[in-house]
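Here is work_17.cif, consisting of mmCIF, C-alpha atoms and all ligand atoms:
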data_upload
loop_
_atom_site.label_atom_id
_atom_site.label_comp_id
_atom_site.auth_asym_id
_atom_site.auth_seq_id
_atom_site.Cartn_x
_atom_site.Cartn_y
_atom_site.Cartn_z
CA MET A 199 53.17 -6.02 3.52
CA THR A 200 54.95 -4.39 6.41
CA GLN A 201 53.82 -5.68 9.75
CA LEU A 202 53.08 -2.53 11.73
CA SER A 203 53.60 -2.41 15.47
CA GLN A 204 50.85 -3.46 17.83
CA PHE A 205 51.33 -0.06 19.44
CA VAL A 206 50.29 1.90 16.35
CA SER A 207 47.72 -0.66 15.21
CA GLY A 208 45.75 -0.08 18.39
CA MET A 209 45.68 3.70 17.87
CA ASP A 210 43.01 5.84 16.26
CA GLU A 211 43.66 8.90 14.14
CA SER A 212 42.36 12.14 15.70
CA VAL A 213 38.67 12.41 14.61
CA THR A 214 38.82 16.18 14.47
CA LEU A 215 41.82 16.18 12.17
CA ALA A 216 40.18 13.47 10.02
CA ALA A 217 36.91 15.45 9.79
CA ALA A 218 38.84 18.61 8.88
CA ALA A 219 40.76 16.70 6.18
CA ARG A 220 37.48 15.37 4.67
CA ALA A 221 36.00 18.88 4.61
CA LYS A 222 39.13 20.23 2.93
CA ALA A 223 39.09 17.47 0.31
CA LEU A 224 35.45 18.21 -0.59
CA LYS A 225 36.20 21.92 -0.79
CA ALA A 226 39.11 21.18 -3.13
CA GLU A 227 36.61 19.34 -5.37
CA GLY A 228 34.73 22.64 -5.64
CA ARG A 229 31.95 21.89 -3.11
CA ASP A 230 30.59 24.85 -1.15
CA ILE A 231 31.38 23.39 2.29
CA ILE A 232 31.22 25.45 5.48
CA ASP A 233 33.81 23.96 7.77
CA LEU A 234 32.91 23.99 11.46
CA THR A 235 35.39 21.28 12.42
CA LEU A 236 38.20 23.67 13.23
CA GLY A 237 39.92 23.60 16.58
CA GLN A 238 41.84 26.79 15.98
CA PRO A 239 41.14 30.53 15.97
CA ASP A 240 40.43 31.88 12.48
CA PHE A 241 42.63 34.88 13.33
CA VAL A 242 46.16 35.47 12.15
CA THR A 243 48.90 35.66 14.80
CA PRO A 244 49.22 39.31 15.94
CA LYS A 245 51.82 41.34 14.01
CA ALA A 246 54.07 42.10 17.00
CA ILE A 247 54.41 38.36 17.67
CA GLN A 248 55.16 37.61 14.02
CA ASN A 249 57.75 40.40 14.00
CA ALA A 250 59.53 39.00 17.06
CA ALA A 251 60.02 35.71 15.21
CA VAL A 252 61.20 37.49 12.05
CA ALA A 253 63.74 39.47 14.07
CA ALA A 254 65.01 36.28 15.75
CA ILE A 255 65.43 34.69 12.33
CA THR A 256 67.23 37.62 10.71
CA ASP A 257 69.46 38.13 13.78
CA GLY A 258 70.50 34.51 13.48
CA LYS A 259 69.27 33.72 17.01
CA ALA A 260 66.69 31.28 15.69
CA SER A 261 69.32 29.23 13.86
CA PHE A 262 70.33 27.13 16.82
CA TYR A 263 69.06 24.55 19.27
CA THR A 264 67.87 26.14 22.47
CA VAL A 265 68.13 24.74 25.99
CA SER A 266 65.89 21.68 25.76
CA SER A 267 63.47 22.82 28.48
CA GLY A 268 63.02 26.24 26.81
CA LEU A 269 64.77 29.61 26.50
CA PRO A 270 65.43 31.15 29.94
CA GLU A 271 64.03 34.50 28.67
CA LEU A 272 60.83 32.72 27.62
CA LYS A 273 60.47 31.09 31.02
CA THR A 274 60.92 34.49 32.69
CA ALA A 275 58.31 36.14 30.44
CA PHE A 276 55.92 33.24 30.94
CA ALA A 277 56.35 33.18 34.74
CA GLY A 278 55.26 36.84 34.93
CA TYR A 279 52.31 36.22 32.60
CA PHE A 280 51.27 33.08 34.47
CA GLU A 281 51.31 34.93 37.80
CA ARG A 282 48.71 37.39 36.44
CA TYR A 283 46.19 34.59 35.90
CA TYR A 284 47.18 32.03 38.52
CA GLY A 285 48.33 34.22 41.42
CA TYR A 286 51.64 32.41 41.89
CA LYS A 287 54.93 32.57 40.05
CA PRO A 288 56.56 29.31 38.98
CA ALA A 289 60.36 29.00 39.20
CA ALA A 290 62.36 28.17 36.07
CA ASN A 291 62.63 24.50 37.09
CA GLU A 292 58.84 24.32 37.37
CA ILE A 293 58.32 25.29 33.70
CA LEU A 294 58.81 23.20 30.56
CA VAL A 295 58.42 24.56 27.04
CA THR A 296 57.25 21.92 24.57
CA THR A 297 56.33 21.46 20.92
CA GLY A 298 52.66 22.29 21.47
CA ALA A 299 50.46 21.51 24.45
CA LYS A 300 49.64 18.20 22.80
CA PHE A 301 53.22 17.03 23.24
CA ALA A 302 53.30 18.37 26.82
CA LEU A 303 50.33 16.11 27.61
CA TYR A 304 52.01 13.10 26.05
CA ALA A 305 55.30 13.79 27.85
CA TYR A 306 53.32 14.03 31.10
CA PHE A 307 51.69 10.63 30.61
CA LEU A 308 55.04 9.06 29.73
CA ALA A 309 56.61 10.69 32.78
CA VAL A 310 54.07 9.59 35.40
CA LEU A 311 52.35 6.40 34.22
CA ASP A 312 53.53 2.85 34.73
CA PRO A 313 51.80 0.14 32.68
CA GLY A 314 48.29 -0.35 34.04
CA ASP A 315 48.11 2.96 35.91
CA GLU A 316 44.68 4.52 35.51
CA VAL A 317 43.82 8.03 34.42
CA ILE A 318 40.30 9.25 35.16
CA ILE A 319 38.99 11.20 32.17
CA PRO A 320 35.57 12.86 32.43
CA ALA A 321 33.57 12.51 29.20
CA PRO A 322 32.96 14.32 26.91
CA TYR A 323 36.72 14.76 26.56
CA TRP A 324 39.17 16.18 24.07
CA VAL A 325 39.93 13.55 21.42
CA SER A 326 43.61 12.91 22.11
CA TYR A 327 43.58 12.16 25.84
CA VAL A 328 42.41 8.57 25.56
CA ASP A 329 44.87 7.53 22.87
CA GLN A 330 47.75 9.35 24.52
CA VAL A 331 47.13 7.55 27.82
CA LYS A 332 47.10 4.23 25.94
CA MET A 333 50.26 5.19 24.05
CA ALA A 334 51.91 5.65 27.45
CA SER A 335 50.71 2.16 28.57
CA GLY A 336 48.15 3.67 30.93
CA VAL A 337 44.48 2.82 31.20
CA PRO A 338 41.90 5.53 30.50
CA VAL A 339 38.95 5.32 32.88
CA ILE A 340 36.09 7.27 31.39
CA VAL A 341 33.54 8.89 33.71
CA GLU A 342 30.41 9.90 31.83
CA THR A 343 28.87 13.25 32.68
CA THR A 344 25.43 14.40 31.58
CA GLN A 345 24.23 17.44 29.71
CA ALA A 346 21.76 18.00 32.58
CA ALA A 347 24.76 18.41 34.91
CA ASP A 348 26.43 20.83 32.46
CA PHE A 349 28.87 18.05 31.55
CA LYS A 350 30.65 18.33 34.89
CA VAL A 351 31.91 15.45 36.96
CA THR A 352 31.10 15.20 40.68
CA VAL A 353 33.14 13.90 43.59
CA ASP A 354 30.68 11.03 44.02
CA GLN A 355 31.28 9.94 40.43
CA LEU A 356 35.04 10.21 40.92
CA GLU A 357 34.86 8.19 44.12
CA ALA A 358 32.96 5.46 42.27
CA ALA A 359 35.58 5.40 39.49
CA LYS A 360 38.61 5.29 41.78
CA THR A 361 40.56 2.04 42.15
CA ALA A 362 43.87 1.07 43.71
CA ARG A 363 45.48 1.78 40.32
CA THR A 364 44.14 5.32 39.89
CA LYS A 365 47.10 7.64 39.43
CA VAL A 366 45.85 10.77 37.65
CA LEU A 367 42.67 12.82 37.40
CA LEU A 368 42.47 14.84 34.20
CA LEU A 369 40.47 18.08 34.10
CA ASN A 370 39.92 20.38 31.13
CA SER A 371 38.20 23.65 31.98
CA PRO A 372 37.08 25.48 29.87
CA SER A 373 36.34 22.25 28.08
CA ASN A 374 36.79 21.18 24.51
CA PRO A 375 34.19 20.11 23.32
CA THR A 376 31.54 21.38 25.80
CA GLY A 377 32.79 24.90 26.63
CA MET A 378 31.89 24.34 30.30
CA ILE A 379 33.88 25.89 33.14
CA TYR A 380 34.15 24.40 36.62
CA SER A 381 33.39 26.86 39.43
CA ARG A 382 35.74 27.53 42.33
CA GLU A 383 33.53 25.48 44.68
CA GLU A 384 33.40 22.52 42.30
CA LEU A 385 37.16 22.60 41.81
CA SER A 386 37.81 22.90 45.55
CA ALA A 387 35.76 19.80 46.23
CA ILE A 388 37.43 17.87 43.41
CA GLY A 389 40.92 19.11 44.33
CA ASP A 390 40.50 18.19 48.00
CA TRP A 391 39.23 14.76 46.99
CA ALA A 392 42.26 14.20 44.71
CA VAL A 393 44.67 15.29 47.45
CA ALA A 394 42.95 13.10 50.06
CA ASN A 395 43.42 10.14 47.70
CA ASP A 396 46.98 11.15 46.84
CA LEU A 397 46.23 11.44 43.12
CA GLU A 398 47.98 13.61 40.58
CA ILE A 399 45.84 16.26 38.87
CA LEU A 400 46.47 17.12 35.25
CA ALA A 401 44.83 20.49 34.49
CA ASP A 402 44.57 21.21 30.77
CA ASP A 403 43.95 24.97 30.95
CA ILE A 404 44.66 25.72 27.29
CA TYR A 405 41.40 27.75 26.91
CA HIS A 406 41.78 29.61 30.23
CA ARG A 407 41.42 33.11 28.79
CA LEU A 408 38.76 32.28 26.20
CA VAL A 409 35.77 32.91 28.46
CA TYR A 410 32.66 34.93 27.62
CA ASN A 411 29.72 36.86 28.98
CA GLY A 412 31.36 37.51 32.34
CA ALA A 413 32.25 33.86 33.05
CA ALA A 414 35.36 33.45 35.22
CA PHE A 415 38.09 30.86 34.92
CA THR A 416 39.38 29.36 38.16
CA ALA A 417 42.69 27.53 38.16
CA ILE A 418 42.56 24.43 40.32
CA SER A 419 46.29 24.77 41.01
CA SER A 420 45.67 28.19 42.61
CA LEU A 421 43.21 26.92 45.20
CA SER A 422 45.66 25.75 47.87
CA ASP A 423 49.33 24.91 48.28
CA THR A 424 48.48 21.25 48.72
CA ILE A 425 46.39 21.10 45.56
CA ARG A 426 49.16 22.93 43.70
CA THR A 427 51.79 20.37 44.68
CA HIS A 428 49.57 17.65 43.22
CA THR A 429 48.83 19.52 39.99
CA THR A 430 50.55 19.85 36.64
CA VAL A 431 49.13 22.63 34.46
CA ILE A 432 49.15 22.43 30.68
CA ASN A 433 48.90 25.67 28.75
CA GLY A 434 50.36 27.26 25.63
CA THR A 435 50.08 29.92 22.98
CA SER A 436 47.91 28.12 20.40
CA LYS A 437 44.44 29.29 21.36
CA THR A 438 45.04 32.55 23.26
CA PHE A 439 47.40 34.11 20.72
CA ALA A 440 46.10 32.47 17.53
CA MET A 441 49.37 30.54 17.21
CA THR A 442 48.35 26.94 16.48
CA GLY A 443 50.92 26.66 13.70
CA TRP A 444 53.83 27.76 15.89
CA ARG A 445 53.64 24.77 18.25
CA ILE A 446 54.39 26.19 21.68
CA GLY A 447 53.08 24.38 24.74
CA ILE A 448 54.00 25.03 28.35
CA ALA A 449 53.77 22.76 31.37
CA VAL A 450 53.96 24.02 34.95
CA GLY A 451 54.40 21.58 37.79
CA SER A 452 56.67 20.22 40.49
CA PRO A 453 60.41 20.27 39.66
CA GLU A 454 60.35 16.47 39.78
CA ILE A 455 57.61 16.00 37.18
CA ILE A 456 58.87 18.86 35.01
CA ALA A 457 62.38 17.34 34.97
CA ALA A 458 60.93 13.93 34.08
CA MET A 459 58.88 15.42 31.24
CA GLY A 460 61.99 17.35 30.17
CA LYS A 461 63.89 14.06 29.81
CA ILE A 462 61.21 12.86 27.38
CA SER A 463 61.40 15.99 25.24
CA SER A 464 65.20 16.03 25.33
CA GLN A 465 65.19 12.52 23.82
CA THR A 466 62.47 13.25 21.25
CA THR A 467 61.88 16.82 20.10
CA SER A 468 65.08 18.38 21.63
CA ASN A 469 63.43 21.78 21.90
CA ALA A 470 60.41 23.68 20.64
CA ALA A 471 61.31 25.57 17.43
CA ALA A 472 63.57 28.49 18.37
CA ALA A 473 61.75 31.08 16.20
CA SER A 474 58.47 30.09 17.84
CA GLN A 475 59.98 30.50 21.30
CA TYR A 476 61.09 34.05 20.46
CA ALA A 477 57.58 34.74 19.19
CA ALA A 478 56.15 33.36 22.44
CA ILE A 479 58.29 35.76 24.52
CA GLN A 480 56.53 38.60 22.74
CA ALA A 481 53.13 36.92 23.18
CA PHE A 482 53.58 36.62 26.93
CA SER A 483 54.99 40.11 27.42
CA GLY A 484 52.95 42.14 24.90
CA ASP A 485 49.67 43.98 25.38
CA ASP A 486 46.21 42.40 25.27
CA LYS A 487 44.66 44.43 22.44
CA ASP A 488 44.62 41.69 19.81
CA PHE A 489 43.50 39.10 22.31
CA HIS A 490 40.55 41.24 23.40
CA GLU A 491 39.46 41.81 19.81
CA MET A 492 39.49 38.08 19.17
CA GLN A 493 37.69 37.32 22.42
CA GLN A 494 34.98 39.87 21.60
CA ALA A 495 34.51 38.39 18.15
CA PHE A 496 34.09 34.91 19.67
CA GLU A 497 31.63 36.24 22.23
CA GLU A 498 29.53 37.98 19.57
CA ARG A 499 29.45 34.83 17.45
CA LEU A 500 28.49 32.69 20.43
CA ASN A 501 25.70 35.04 21.44
CA THR A 502 24.37 35.21 17.87
CA ILE A 503 24.64 31.60 16.91
CA TYR A 504 23.64 29.88 20.15
CA PRO A 505 19.93 30.90 20.02
CA LEU A 506 19.74 30.00 16.33
CA LEU A 507 21.16 26.56 16.98
CA ALA A 508 18.87 26.02 19.96
CA GLU A 509 15.87 26.72 17.67
CA ILE A 510 16.62 23.75 15.41
CA PRO A 511 13.98 21.10 16.09
CA GLY A 512 15.44 18.25 18.15
CA PHE A 513 18.62 20.14 19.13
CA GLU A 514 19.26 20.72 22.84
CA VAL A 515 22.16 23.03 23.62
CA VAL A 516 23.72 24.20 26.87
CA LYS A 517 25.19 27.67 26.34
CA PRO A 518 28.98 27.34 26.59
CA GLN A 519 30.96 29.69 28.83
CA GLY A 520 34.35 29.31 27.18
CA ALA A 521 36.53 27.83 24.40
CA PHE A 522 34.97 28.15 20.91
CA TYR A 523 32.70 25.15 20.43
CA LEU A 524 28.99 24.35 20.64
CA PHE A 525 28.05 20.80 21.53
CA PRO A 526 24.34 20.24 20.89
CA LYS A 527 22.61 17.04 21.90
CA VAL A 528 20.89 15.85 18.74
CA THR A 529 19.20 12.63 19.84
CA GLN A 530 15.68 13.90 19.16
CA ALA A 531 16.75 15.19 15.75
CA LEU A 532 18.22 11.75 15.02
CA THR A 533 14.92 10.07 15.81
CA ALA A 534 12.98 12.57 13.70
CA THR A 535 15.28 12.29 10.69
CA GLY A 536 15.77 8.53 10.83
CA TYR A 537 19.49 8.38 11.59
CA THR A 538 20.61 5.82 14.11
CA ASN A 539 23.84 7.41 15.31
CA VAL A 540 25.57 10.78 15.51
CA THR A 541 28.37 9.79 13.16
CA ASP A 542 25.94 9.03 10.32
CA PHE A 543 24.10 12.24 11.13
CA ALA A 544 27.32 14.32 11.00
CA ASN A 545 28.28 12.61 7.72
CA ALA A 546 24.88 13.42 6.24
CA LEU A 547 25.25 17.06 7.30
CA LEU A 548 28.50 17.14 5.37
CA GLU A 549 27.33 15.25 2.28
CA GLU A 550 23.81 16.67 1.99
CA ALA A 551 23.82 20.02 3.83
CA ASN A 552 27.42 20.99 3.05
CA VAL A 553 28.28 21.68 6.68
CA ALA A 554 31.26 19.95 8.25
CA THR A 555 30.90 19.19 11.97
CA VAL A 556 32.54 16.57 14.17
CA THR A 557 30.71 13.51 15.51
CA GLY A 558 30.48 13.36 19.30
CA GLU A 559 31.80 9.79 19.18
CA GLY A 560 35.41 10.97 19.10
CA PHE A 561 34.77 12.96 22.29
CA GLY A 562 33.11 10.04 24.07
CA SER A 563 29.53 11.13 23.41
CA SER A 564 27.01 9.24 21.31
CA GLU A 565 24.41 12.01 21.62
CA ASN A 566 26.14 15.20 20.47
CA ILE A 567 27.95 16.79 17.57
CA ARG A 568 30.59 19.51 17.84
CA LEU A 569 30.49 22.78 15.92
CA SER A 570 33.36 25.24 16.16
CA TYR A 571 32.52 28.93 15.97
CA ALA A 572 36.06 29.86 15.03
CA THR A 573 34.80 31.07 11.68
CA ASP A 574 33.15 34.29 10.49
CA LEU A 575 29.64 35.20 11.57
CA GLU A 576 28.06 35.14 8.11
CA SER A 577 29.33 31.61 7.44
CA LEU A 578 28.11 30.54 10.87
CA LYS A 579 24.62 31.89 10.23
CA THR A 580 24.48 30.20 6.84
CA ALA A 581 25.73 26.93 8.31
CA VAL A 582 23.09 26.90 11.04
CA ALA A 583 20.38 27.77 8.50
CA ARG A 584 21.53 24.84 6.34
CA ILE A 585 21.45 22.45 9.29
CA LYS A 586 17.97 23.64 10.25
CA LYS A 587 16.66 23.19 6.71
CA PHE A 588 18.21 19.72 6.53
CA VAL A 589 16.61 18.62 9.81
CA ILE A 590 13.18 20.03 8.93
CA GLU A 591 13.13 18.51 5.44
CA LYS A 592 14.39 15.10 6.56
CA SER A 593 11.86 15.03 9.39
CA LYS A 594 8.98 15.22 6.89
CA HIS A 595 9.81 11.85 5.37
C1 LIG A 601 41.75 20.70 25.18
C2 LIG A 601 42.97 20.83 24.34
N1 LIG A 601 44.16 20.56 24.88
C3 LIG A 601 45.28 20.66 24.15
C4 LIG A 601 45.26 21.04 22.83
C5 LIG A 601 46.56 21.09 22.07
O1 LIG A 601 47.00 22.37 21.79
P1 LIG A 601 48.37 22.63 21.03
O2 LIG A 601 48.03 23.29 19.73
O3 LIG A 601 49.16 23.54 21.91
O4 LIG A 601 49.06 21.33 20.83
C6 LIG A 601 44.04 21.32 22.21
C7 LIG A 601 43.97 21.67 20.78
O5 LIG A 601 42.99 21.47 20.10
C8 LIG A 601 42.86 21.23 23.00
O6 LIG A 601 41.65 21.51 22.47
#

For the structure just supplied, provide its representation as structure tokens.
Ligand SMILES: Cc1ncc(COP(=O)(O)O)c(C=O)c1O
Amino acid sequence: MTQLSQFVSGMDESVTLAAAARAKALKAEGRDIIDLTLGQPDFVTPKAIQNAAVAAITDGKASFYTVSSGLPELKTAFAGYFERYYGYKPAANEILVTTGAKFALYAYFLAVLDPGDEVIIPAPYWVSYVDQVKMASGVPVIVETTQAADFKVTVDQLEAAKTARTKVLLLNSPSNPTGMIYSREELSAIGDWAVANDLEILADDIYHRLVYNGAAFTAISSLSDTIRTHTTVINGTSKTFAMTGWRIGIAVGSPEIIAAMGKISSQTTSNAAAASQYAAIQAFSGDDKDFHEMQQAFEERLNTIYPLLAEIPGFEVVKPQGAFYLFPKVTQALTATGYTNVTDFANALLEEANVATVTGEGFGSSENIRLSYATDLESLKTAVARIKKFVIEKSKH
């Protein structure tokens, strides 16, 4: 048998992708599964964006490698778009186009971490951060937040987690999986603390426009010039423009870090797919009509499904402000139904109630499960009704 590397042997597969694969397999067997594992909009990429890629293909422009750091026209379009939401305009050497935001994150860790350098990651966290930090020889330092504190980390907690090896503080707002958004005041306090301790801030802002019911996104990098010089922003087209399949991520940061990340992509991916980059130019320069329709659909689903979920006995849910996930705490439901952990509970929901969710374990929480509302309203209502029935019936035994 092939002896695999220690590097890969120590890695876990993404739990969300594994849960989605299991749901797909059961569906293929003919089971009536409602899949709430999905981390992607259930909308098709807007026509104008598709057409821009088609034109680039038929013109022949998409046939070739591009500049490794990204097409200059894409950087120009993105800089104008970014300024609308962040209030400052990055220069071309402060922007890197990557093969998805996921690769931008990995390139960042490879660019800034030496073996043993610590990255503070507030939990619950998006599944890939921890493994990516390890893959880059860094050490993830998890800081647990509580549902009572809306899953937000405080400066006191950060201070307690800091060591001489702390290099990076990672923030993800709006958050996957909690949907929480840090306020301007919270971010100012955290940003000032990071600057005072000379830490790098990694701001994963991929859900920045997916906010609902009047909630406002604040970019930590916009708060002051000093915070900005310490911050690298990760963004992309996947969530905002329903473009997960196109694989366009964008990093914005100091010329030094961007050039270092660019070295990593030049030696690995070369460039993000050319057709996707032409599509992204259109995404960043087009109108907002399709985005607003999608955002309204998400908001309606959230407002419909949140109260129904909160009614399930033993489910405690904080209403999310952004992204497209609900993250109920199910500990009381576990006790009532006789399950000892959230993973078994999520598996039973799949096997017995035909609803695919993701165990909180992959996000660093042993109390919650994650449901995505990136699916149609009728399916969502049916799924929640199935979960409720399952919990009530199991609780009787
Ligand atoms: C918080 C977060 N960051 C980054 C990503 C990666 O996005 P991309 O599709 O651009 O790789 C995701 C996707 O699920 C995400 O939820």

Inset, instruction - Go through A:Lys527, A:Arg363, A:Lys437, A:Arg426 one by one, measure the shortest atom-to-atom distance of each to Ser452 (chain A) using only C-alpha atoms, and give the residue with the smallest value. - result: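 Closest candidate: A:Arg426.
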
Legend entry - Computed interatomic separation between CA of Glu211 (chain A) and CA of Asn566 (chain A) (Å): 19.7 Å

Show me which residues line ligand LIG 601 (chain A), defined as having an atom within 8 Å of a ligand atom where only C-alpha atoms and all ligand atoms count, and present them as a PDB file with C-alpha atoms, keeping the file's coordinate frame.
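Everything below was put into part_30.pdb:
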ATOM      1  CA  GLY A 237      39.920  23.600  16.580  1.00  0.00           C
ATOM      2  CA  GLN A 238      41.840  26.790  15.980  1.00  0.00           C
ATOM      3  CA  THR A 297      56.330  21.460  20.920  1.00  0.00           C
ATOM      4  CA  GLY A 298      52.660  22.290  21.470  1.00  0.00           C
ATOM      5  CA  ALA A 299      50.460  21.510  24.450  1.00  0.00           C
ATOM      6  CA  LYS A 300      49.640  18.200  22.800  1.00  0.00           C
ATOM      7  CA  PHE A 301      53.220  17.030  23.240  1.00  0.00           C
ATOM      8  CA  ALA A 302      53.300  18.370  26.820  1.00  0.00           C
ATOM      9  CA  LEU A 303      50.330  16.110  27.610  1.00  0.00           C
ATOM     10  CA  TYR A 323      36.720  14.760  26.560  1.00  0.00           C
ATOM     11  CA  TRP A 324      39.170  16.180  24.070  1.00  0.00           C
ATOM     12  CA  ASN A 370      39.920  20.380  31.130  1.00  0.00           C
ATOM     13  CA  SER A 373      36.340  22.250  28.080  1.00  0.00           C
ATOM     14  CA  ASN A 374      36.790  21.180  24.510  1.00  0.00           C
ATOM     15  CA  PRO A 375      34.190  20.110  23.320  1.00  0.00           C
ATOM     16  CA  ASP A 402      44.570  21.210  30.770  1.00  0.00           C
ATOM     17  CA  ASP A 403      43.950  24.970  30.950  1.00  0.00           C
ATOM     18  CA  ILE A 404      44.660  25.720  27.290  1.00  0.00           C
ATOM     19  CA  TYR A 405      41.400  27.750  26.910  1.00  0.00           C
ATOM     20  CA  ILE A 432      49.150  22.430  30.680  1.00  0.00           C
ATOM     21  CA  ASN A 433      48.900  25.670  28.750  1.00  0.00           C
ATOM     22  CA  GLY A 434      50.360  27.260  25.630  1.00  0.00           C
ATOM     23  CA  THR A 435      50.080  29.920  22.980  1.00  0.00           C
ATOM     24  CA  SER A 436      47.910  28.120  20.400  1.00  0.00           C
ATOM     25  CA  LYS A 437      44.440  29.290  21.360  1.00  0.00           C
ATOM     26  CA  MET A 441      49.370  30.540  17.210  1.00  0.00           C
ATOM     27  CA  THR A 442      48.350  26.940  16.480  1.00  0.00           C
ATOM     28  CA  GLY A 443      50.920  26.660  13.700  1.00  0.00           C
ATOM     29  CA  ARG A 445      53.640  24.770  18.250  1.00  0.00           C
ATOM     30  CA  ILE A 446      54.390  26.190  21.680  1.00  0.00           C
ATOM     31  CA  GLY A 447      53.080  24.380  24.740  1.00  0.00           C
TER      32      GLY A 447
END

Inset, instruction - Quote the spacing between CA of Ala470 (chain A) and CA of Phe276 (chain A) in Å to one decimal place. - result: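 Taking CA of Ala470 (chain A) and CA of Phe276 (chain A), their separation equals 14.8 Å.
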
Inset, instruction - Write out as a list in words which residues come within 9 Å of region 207-209 of chain A when counting only C-alpha atoms, dropping same-chain ones fewer than 6 positions away. - result: Asp329, Gln330, Lys332 and Met333 of chain A

Legend entry - Atom pair CA of Val515 (chain A) / CA of Leu224 (chain A): separation (Å):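 Going from CA of Val515 (chain A) over to CA of Leu224 (chain A), I get 28.0 Å.
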
Legend entry - Polymer residues at most 8 Å from Val450 (chain A), only C-alpha atoms, same-chain spacing of 5 or more positions, as a PyMOL selection string: chain A and resi 288+292-294+430-432+456

Legend entry - Residue contacts of region 385-388 of chain A (7 Å, all atoms listed in the file) excluding same-chain residues fewer than 3 positions away, as a ChimeraX atom specification: /A:353,380-382,391-392,418,421

Inset, instruction - Mind checking which residues fall within 7 Å of region 492-509 of chain A, counting only C-alpha atoms, ignoring those fewer than 4 positions away in the same chain, and posting them as a PyMOL selection string? - result: chain A and resi 408+410+488+513-515+517+522+571+575+579+582

Inset, instruction - Quick one: everything within 9 Å of Gln519 (chain A), counting all atoms listed in the file, minus sequence neighbours fewer than 5 positions away in the same chain. Send it as a PyMOL selection string. - result: chain A and resi 372+376-379+408-414

Give me a file of those residues, with C-alpha atoms, as a CSV table (one decimal), keeping the file's coordinate frame.
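Okay, this is what ended up in selection_8.csv:
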chain,number,residue,atom,x,y,z
A,372,PRO,CA,37.1,25.5,29.9
A,376,THR,CA,31.5,21.4,25.8
A,377,GLY,CA,32.8,24.9,26.6
A,378,MET,CA,31.9,24.3,30.3
A,379,ILE,CA,33.9,25.9,33.1
A,408,LEU,CA,38.8,32.3,26.2
A,409,VAL,CA,35.8,32.9,28.5
A,410,TYR,CA,32.7,34.9,27.6
A,411,ASN,CA,29.7,36.9,29.0
A,412,GLY,CA,31.4,37.5,32.3
A,413,ALA,CA,32.2,33.9,33.0
A,414,ALA,CA,35.4,33.4,35.2

Inset, instruction - Anything within 6 Å of (63.2, 33.8, 19.0): list those residues as a list in words, counting only C-alpha atoms and sticking to the file's coordinates. - result: Ala251, Ala254, Ala260, Ala472, Ala473, Gln475, Tyr476 and Ala477 of chain A

Inset, instruction - With only C-alpha atoms counted, which protein, DNA or RNA residues have an atom no more than 7 Å from (37.0, 29.3, 12.4) in the file frame? Please answer as an NGL selection string. - result: :A and (234 or 236 or 238-240 or 570-574)

Inset, instruction - Using all atoms listed in the file, find the one residue out of A:Val366, A:Ala458, A:Ala219, A:Val351 that sits nearest to Val331 (chain A). - result: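 Comparing A:Val366, A:Ala458, A:Ala219, A:Val351 against Val331 (chain A), the winner is A:Val366.
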
Inset, instruction - May I ask which of the residues A:Ala457, A:Ala250, A:Val265, A:Val556 is the closest one to Ala216 (chain A), counting all atoms listed in the file? - result: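 Checking each candidate against Ala216 (chain A), we get A:Val556 as the closest.
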
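Distance check against Lys225 (chain A) using all atoms listed in the file: of A:Ala554, A:Ala246, A:Val528, A:Leu569, the minimum falls on A:Ala554.
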
Inset, instruction - Measuring atom to atom with all atoms listed in the file, identify which of A:Lys287, A:Lys461, A:Lys592, A:Lys360 is nearest to Ala546 (chain A). - result: A:Lys592

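Distances from A:Ala481, A:Ser335, A:Glu384, A:Lys587 to Tyr304 (chain A) were compared using all atoms listed in the file, and the smallest one belongs to A:Ser335.
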
Please determine an axis-aligned box that encloses all atoms of region 484-491 of chain A listed in the file, with 8 Å added on each side, and express its centre and edge lengths in Å to one decimal as AutoDock Vina command-line options.
--center_x 46.2 --center_y 41.8 --center_z 22.6 --size_x 29.5 --size_y 21.3 --size_z 21.6

Restrict the output to region 559-576 of chain A and C-alpha atoms, then write it as a compact mmCIF listing (two decimals), in the first residue's frame.
# COMPACT_ATOMS: atom_id res chain seq x y z
CA GLU A 559 -18.48 19.61 15.03
CA GLY A 560 -16.84 20.61 11.75
CA PHE A 561 -17.34 24.27 12.69
CA GLY A 562 -15.91 23.82 16.18
CA SER A 563 -19.25 23.55 17.97
CA SER A 564 -20.54 20.49 19.80
CA GLU A 565 -23.92 22.10 20.47
CA ASN A 566 -25.24 23.22 17.07
CA ILE A 567 -26.14 22.02 13.63
CA ARG A 568 -26.01 24.11 10.45
CA LEU A 569 -28.89 24.47 8.01
CA SER A 570 -28.44 26.40 4.79
CA TYR A 571 -31.44 28.32 3.48
CA ALA A 572 -30.01 28.48 -0.02
CA THR A 573 -32.90 26.37 -1.24
CA ASP A 574 -36.51 27.13 -2.17
CA LEU A 575 -39.03 28.17 0.45
CA GLU A 576 -41.36 25.19 0.04
